[in-house]
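Remarks on the structure that follows.
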Amino acid sequence: MMKYDGCFLALLLLATKLSVASSFSIVSMVLSWPNPAVDSTPTQSLPSRKQLDLNVPNIRVSHASARGLNSLYSPRDPKTIPKGFMRACGKAGGYAPRPLWDDITTGVTPWFENKQGCFIYFNCNDAHWWIDSEQGSGMYLAPHNGCLLLPPTDGWMTLTGERAGAPKMS
């Protein structure tokens, strides 16, 4: 019998509340990942039932060497597209933001935004959390730690793989 951690089960529970197509894509994505319950990598604890309704806490980013990132981030509706993401799509040649956002996100995992417009989101295509500037430029990334409701507290690195100057979350 396969053993799964609480975050896996929480995602499956969320998927049951969505449309059949959304549920199928979430379940397929999660089932394709290595099983974190079997992995030796530590995971965050299972969120409470209230948090499953996306009553997610704010996140504080600190120790980042990049400007404007060290601050409090508030959770945002997974279906809403960050303004910085829309800016980046426009700069990259006028790509339509909605299909791209829907392609790279789960539609369930909240993203987080600070007052400057910098944002943190989970990219399901590469299975990493990203911190982007207010312009939508990728600044840092970190692999998920077995739970997709909150970004990892550490393990962040620059896009060139440097850990010096990388942020911490609390």
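Labels used: A, B, ... for chains in the order of the structure tokens, numbers from 1 for residues in each chain, and numbers from 1 for ligands as shown.
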Secondary structure check, strand (DSSP E) residues of segment 55-147 of chain A, as a list in words: Ile59, Arg60, Val61, Ser62, Leu72, Tyr73, Ser74, Pro75, Arg76, Trp111, Phe112, Glu113, Phe119, Ile120, Tyr121, Phe122, Asn123, His128, Trp129, Trp130, Ile131, Asp132, Gly138, Met139, Tyr140, Leu141, Ala142 and Pro143 of chain A
Shell around Pro97 of chain A at 9 Å using only C-alpha atoms, local window under 6 positions removed, as a PyMOL selection string: chain A and resi 81+85-90
Would you save the residues from that selection as a PDB file, in the first residue's frame, using N, CA, C and O atoms?
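Once everything was written out, this is selection-v4.pdb:
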ATOM      1  N   ILE A  81      -4.429  36.737 -11.498  1.00  0.00           N
ATOM      2  CA  ILE A  81      -3.083  36.787 -12.076  1.00  0.00           C
ATOM      3  C   ILE A  81      -2.322  37.978 -11.487  1.00  0.00           C
ATOM      4  O   ILE A  81      -2.844  39.100 -11.484  1.00  0.00           O
ATOM      5  N   PHE A  85       3.206  39.455 -13.374  1.00  0.00           N
ATOM      6  CA  PHE A  85       3.165  38.383 -14.357  1.00  0.00           C
ATOM      7  C   PHE A  85       2.585  38.903 -15.669  1.00  0.00           C
ATOM      8  O   PHE A  85       3.094  38.617 -16.749  1.00  0.00           O
ATOM      9  N   MET A  86       1.534  39.724 -15.553  1.00  0.00           N
ATOM     10  CA  MET A  86       0.944  40.316 -16.758  1.00  0.00           C
ATOM     11  C   MET A  86       1.945  41.236 -17.457  1.00  0.00           C
ATOM     12  O   MET A  86       2.054  41.232 -18.684  1.00  0.00           O
ATOM     13  N   ARG A  87       2.712  42.015 -16.664  1.00  0.00           N
ATOM     14  CA  ARG A  87       3.749  42.882 -17.247  1.00  0.00           C
ATOM     15  C   ARG A  87       4.789  42.059 -18.001  1.00  0.00           C
ATOM     16  O   ARG A  87       5.193  42.399 -19.097  1.00  0.00           O
ATOM     17  N   ALA A  88       5.239  40.979 -17.376  1.00  0.00           N
ATOM     18  CA  ALA A  88       6.257  40.135 -18.002  1.00  0.00           C
ATOM     19  C   ALA A  88       5.743  39.518 -19.303  1.00  0.00           C
ATOM     20  O   ALA A  88       6.489  39.423 -20.284  1.00  0.00           O
ATOM     21  N   CYS A  89       4.492  39.128 -19.333  1.00  0.00           N
ATOM     22  CA  CYS A  89       3.909  38.566 -20.559  1.00  0.00           C
ATOM     23  C   CYS A  89       3.903  39.612 -21.672  1.00  0.00           C
ATOM     24  O   CYS A  89       4.202  39.297 -22.825  1.00  0.00           O
ATOM     25  N   GLY A  90       3.578  40.850 -21.321  1.00  0.00           N
ATOM     26  CA  GLY A  90       3.579  41.933 -22.304  1.00  0.00           C
ATOM     27  C   GLY A  90       4.975  42.214 -22.837  1.00  0.00           C
ATOM     28  O   GLY A  90       5.175  42.393 -24.038  1.00  0.00           O
TER      29      GLY A  90
END
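When only C-alpha atoms are used to measure the gap to Asn70 of chain A, the shortest distance among A:Val108, A:Leu149, A:Ile131, A:Leu100 belongs to A:Ile131.
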Shell of 6 Å around Tyr140 of chain A, only C-alpha atoms, local chain residues under 4 positions omitted, as JSON, numbers by chain: {"A": [130, 131, 157, 158, 159]}
Requested write-out: C-alpha atoms of the selected residues, as a CSV table (one decimal), in the first residue's frame:
chain,number,residue,atom,x,y,z
A,130,TRP,CA,9.4,31.2,-7.4
A,131,ILE,CA,9.8,34.7,-6.1
A,157,MET,CA,18.6,30.1,-4.5
A,158,THR,CA,19.1,32.6,-7.2
A,159,LEU,CA,18.4,31.6,-10.8
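Note that atom CA of Glu134 of chain A and atom CA of Ser74 of chain A are 14.3 Å apart.
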Straight-line distance linking atom CA of Trp129 of chain A with atom CA of Thr80 of chain A, stated in Å to one decimal: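 Atom CA of Thr80 of chain A lies at a distance of 17.0 Å from atom CA of Trp129 of chain A.
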Neighbour list for Phe112 of chain A as a list in words, cut-off 8 Å, only C-alpha atoms, skip fewer than 4 positions in-chain: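 Skipping anything fewer than 4 positions along the chain leaves Asn58, Ile59, Tyr73, Ser74, Pro75, Arg76, Phe119, Ile120 and Tyr121 of chain A.
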Expected file contents, prior selection, all heavy atoms, as a JSON list (two decimals), in the first residue's frame:
[["chain", "number", "residue", "atom", "x", "y", "z"],
["A", 58, "ASN", "N", -0.12, 34.97, 6.29],
["A", 58, "ASN", "CA", 0.86, 35.81, 5.61],
["A", 58, "ASN", "C", 2.23, 35.18, 5.74],
["A", 58, "ASN", "O", 2.47, 34.38, 6.64],
["A", 58, "ASN", "CB", 0.89, 37.21, 6.23],
["A", 58, "ASN", "CG", -0.36, 37.99, 5.94],
["A", 58, "ASN", "OD1", -1.00, 37.82, 4.92],
["A", 58, "ASN", "ND2", -0.72, 38.86, 6.86],
["A", 59, "ILE", "N", 3.14, 35.58, 4.86],
["A", 59, "ILE", "CA", 4.51, 35.06, 4.87],
["A", 59, "ILE", "C", 5.45, 36.25, 4.96],
["A", 59, "ILE", "O", 5.25, 37.26, 4.28],
["A", 59, "ILE", "CB", 4.81, 34.29, 3.58],
["A", 59, "ILE", "CG1", 3.94, 33.05, 3.50],
["A", 59, "ILE", "CG2", 6.27, 33.92, 3.47],
["A", 59, "ILE", "CD1", 4.01, 32.36, 2.17],
["A", 73, "TYR", "N", 4.18, 39.24, 2.86],
["A", 73, "TYR", "CA", 3.44, 38.83, 1.67],
["A", 73, "TYR", "C", 2.09, 38.27, 2.10],
["A", 73, "TYR", "O", 2.02, 37.45, 3.02],
["A", 73, "TYR", "CB", 4.18, 37.75, 0.89],
["A", 73, "TYR", "CG", 5.40, 38.26, 0.16],
["A", 73, "TYR", "CD1", 6.54, 38.65, 0.84],
["A", 73, "TYR", "CD2", 5.41, 38.33, -1.23],
["A", 73, "TYR", "CE1", 7.66, 39.11, 0.18],
["A", 73, "TYR", "CE2", 6.53, 38.78, -1.91],
["A", 73, "TYR", "CZ", 7.64, 39.17, -1.20],
["A", 73, "TYR", "OH", 8.74, 39.63, -1.87],
["A", 74, "SER", "N", 1.03, 38.71, 1.44],
["A", 74, "SER", "CA", -0.32, 38.23, 1.75],
["A", 74, "SER", "C", -0.78, 37.24, 0.69],
["A", 74, "SER", "O", -0.46, 37.39, -0.49],
["A", 74, "SER", "CB", -1.29, 39.41, 1.78],
["A", 74, "SER", "OG", -0.90, 40.32, 2.77],
["A", 75, "PRO", "N", -1.55, 36.23, 1.12],
["A", 75, "PRO", "CA", -2.04, 35.24, 0.14],
["A", 75, "PRO", "C", -3.04, 35.87, -0.81],
["A", 75, "PRO", "O", -3.78, 36.79, -0.44],
["A", 75, "PRO", "CB", -2.70, 34.17, 1.01],
["A", 75, "PRO", "CG", -2.97, 34.82, 2.32],
["A", 75, "PRO", "CD", -1.99, 35.93, 2.47],
["A", 76, "ARG", "N", -3.04, 35.38, -2.03],
["A", 76, "ARG", "CA", -3.96, 35.86, -3.07],
["A", 76, "ARG", "C", -4.70, 34.68, -3.68],
["A", 76, "ARG", "O", -4.23, 33.55, -3.68],
["A", 76, "ARG", "CB", -3.20, 36.61, -4.17],
["A", 76, "ARG", "CG", -2.44, 37.82, -3.69],
["A", 76, "ARG", "CD", -3.41, 38.94, -3.30],
["A", 76, "ARG", "NE", -2.70, 40.16, -2.98],
["A", 76, "ARG", "CZ", -2.69, 40.71, -1.77],
["A", 76, "ARG", "NH1", -3.32, 40.16, -0.77],
["A", 76, "ARG", "NH2", -2.03, 41.82, -1.55],
["A", 119, "PHE", "N", 5.92, 38.99, -6.00],
["A", 119, "PHE", "CA", 5.02, 37.88, -5.72],
["A", 119, "PHE", "C", 5.75, 36.54, -5.67],
["A", 119, "PHE", "O", 6.82, 36.37, -6.23],
["A", 119, "PHE", "CB", 3.87, 37.84, -6.74],
["A", 119, "PHE", "CG", 4.28, 37.74, -8.18],
["A", 119, "PHE", "CD1", 4.21, 36.52, -8.85],
["A", 119, "PHE", "CD2", 4.70, 38.86, -8.89],
["A", 119, "PHE", "CE1", 4.57, 36.42, -10.19],
["A", 119, "PHE", "CE2", 5.06, 38.77, -10.22],
["A", 119, "PHE", "CZ", 4.99, 37.54, -10.87],
["A", 120, "ILE", "N", 5.12, 35.61, -4.96],
["A", 120, "ILE", "CA", 5.64, 34.25, -4.76],
["A", 120, "ILE", "C", 4.56, 33.30, -5.25],
["A", 120, "ILE", "O", 3.39, 33.46, -4.89],
["A", 120, "ILE", "CB", 5.92, 33.98, -3.27],
["A", 120, "ILE", "CG1", 6.90, 35.00, -2.71],
["A", 120, "ILE", "CG2", 6.41, 32.55, -3.07],
["A", 120, "ILE", "CD1", 7.01, 34.98, -1.18],
["A", 121, "TYR", "N", 4.94, 32.35, -6.08],
["A", 121, "TYR", "CA", 3.95, 31.40, -6.60],
["A", 121, "TYR", "C", 4.60, 30.04, -6.84],
["A", 121, "TYR", "O", 5.81, 29.93, -6.94],
["A", 121, "TYR", "CB", 3.32, 31.91, -7.91],
["A", 121, "TYR", "CG", 4.28, 31.94, -9.07],
["A", 121, "TYR", "CD1", 4.31, 30.91, -10.01],
["A", 121, "TYR", "CD2", 5.18, 33.00, -9.23],
["A", 121, "TYR", "CE1", 5.21, 30.93, -11.07],
["A", 121, "TYR", "CE2", 6.06, 33.03, -10.28],
["A", 121, "TYR", "CZ", 6.07, 31.99, -11.20],
["A", 121, "TYR", "OH", 6.96, 32.01, -12.24]]
For Ser62 of chain A: contacts at 12 Å, only C-alpha atoms, fewer than 6 positions along chain excluded, given as JSON, numbers by chain: {"A": [68, 69, 70, 71, 72, 73, 153, 154, 156, 165, 166, 167, 168, 169, 170]}
Using only C-alpha atoms: which of A:Met139, A:Ile104, A:Ala127, A:Gly94 has the shortest distance to Glu162 of chain A: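 For Glu162 of chain A, the nearest of the candidates is A:Met139.
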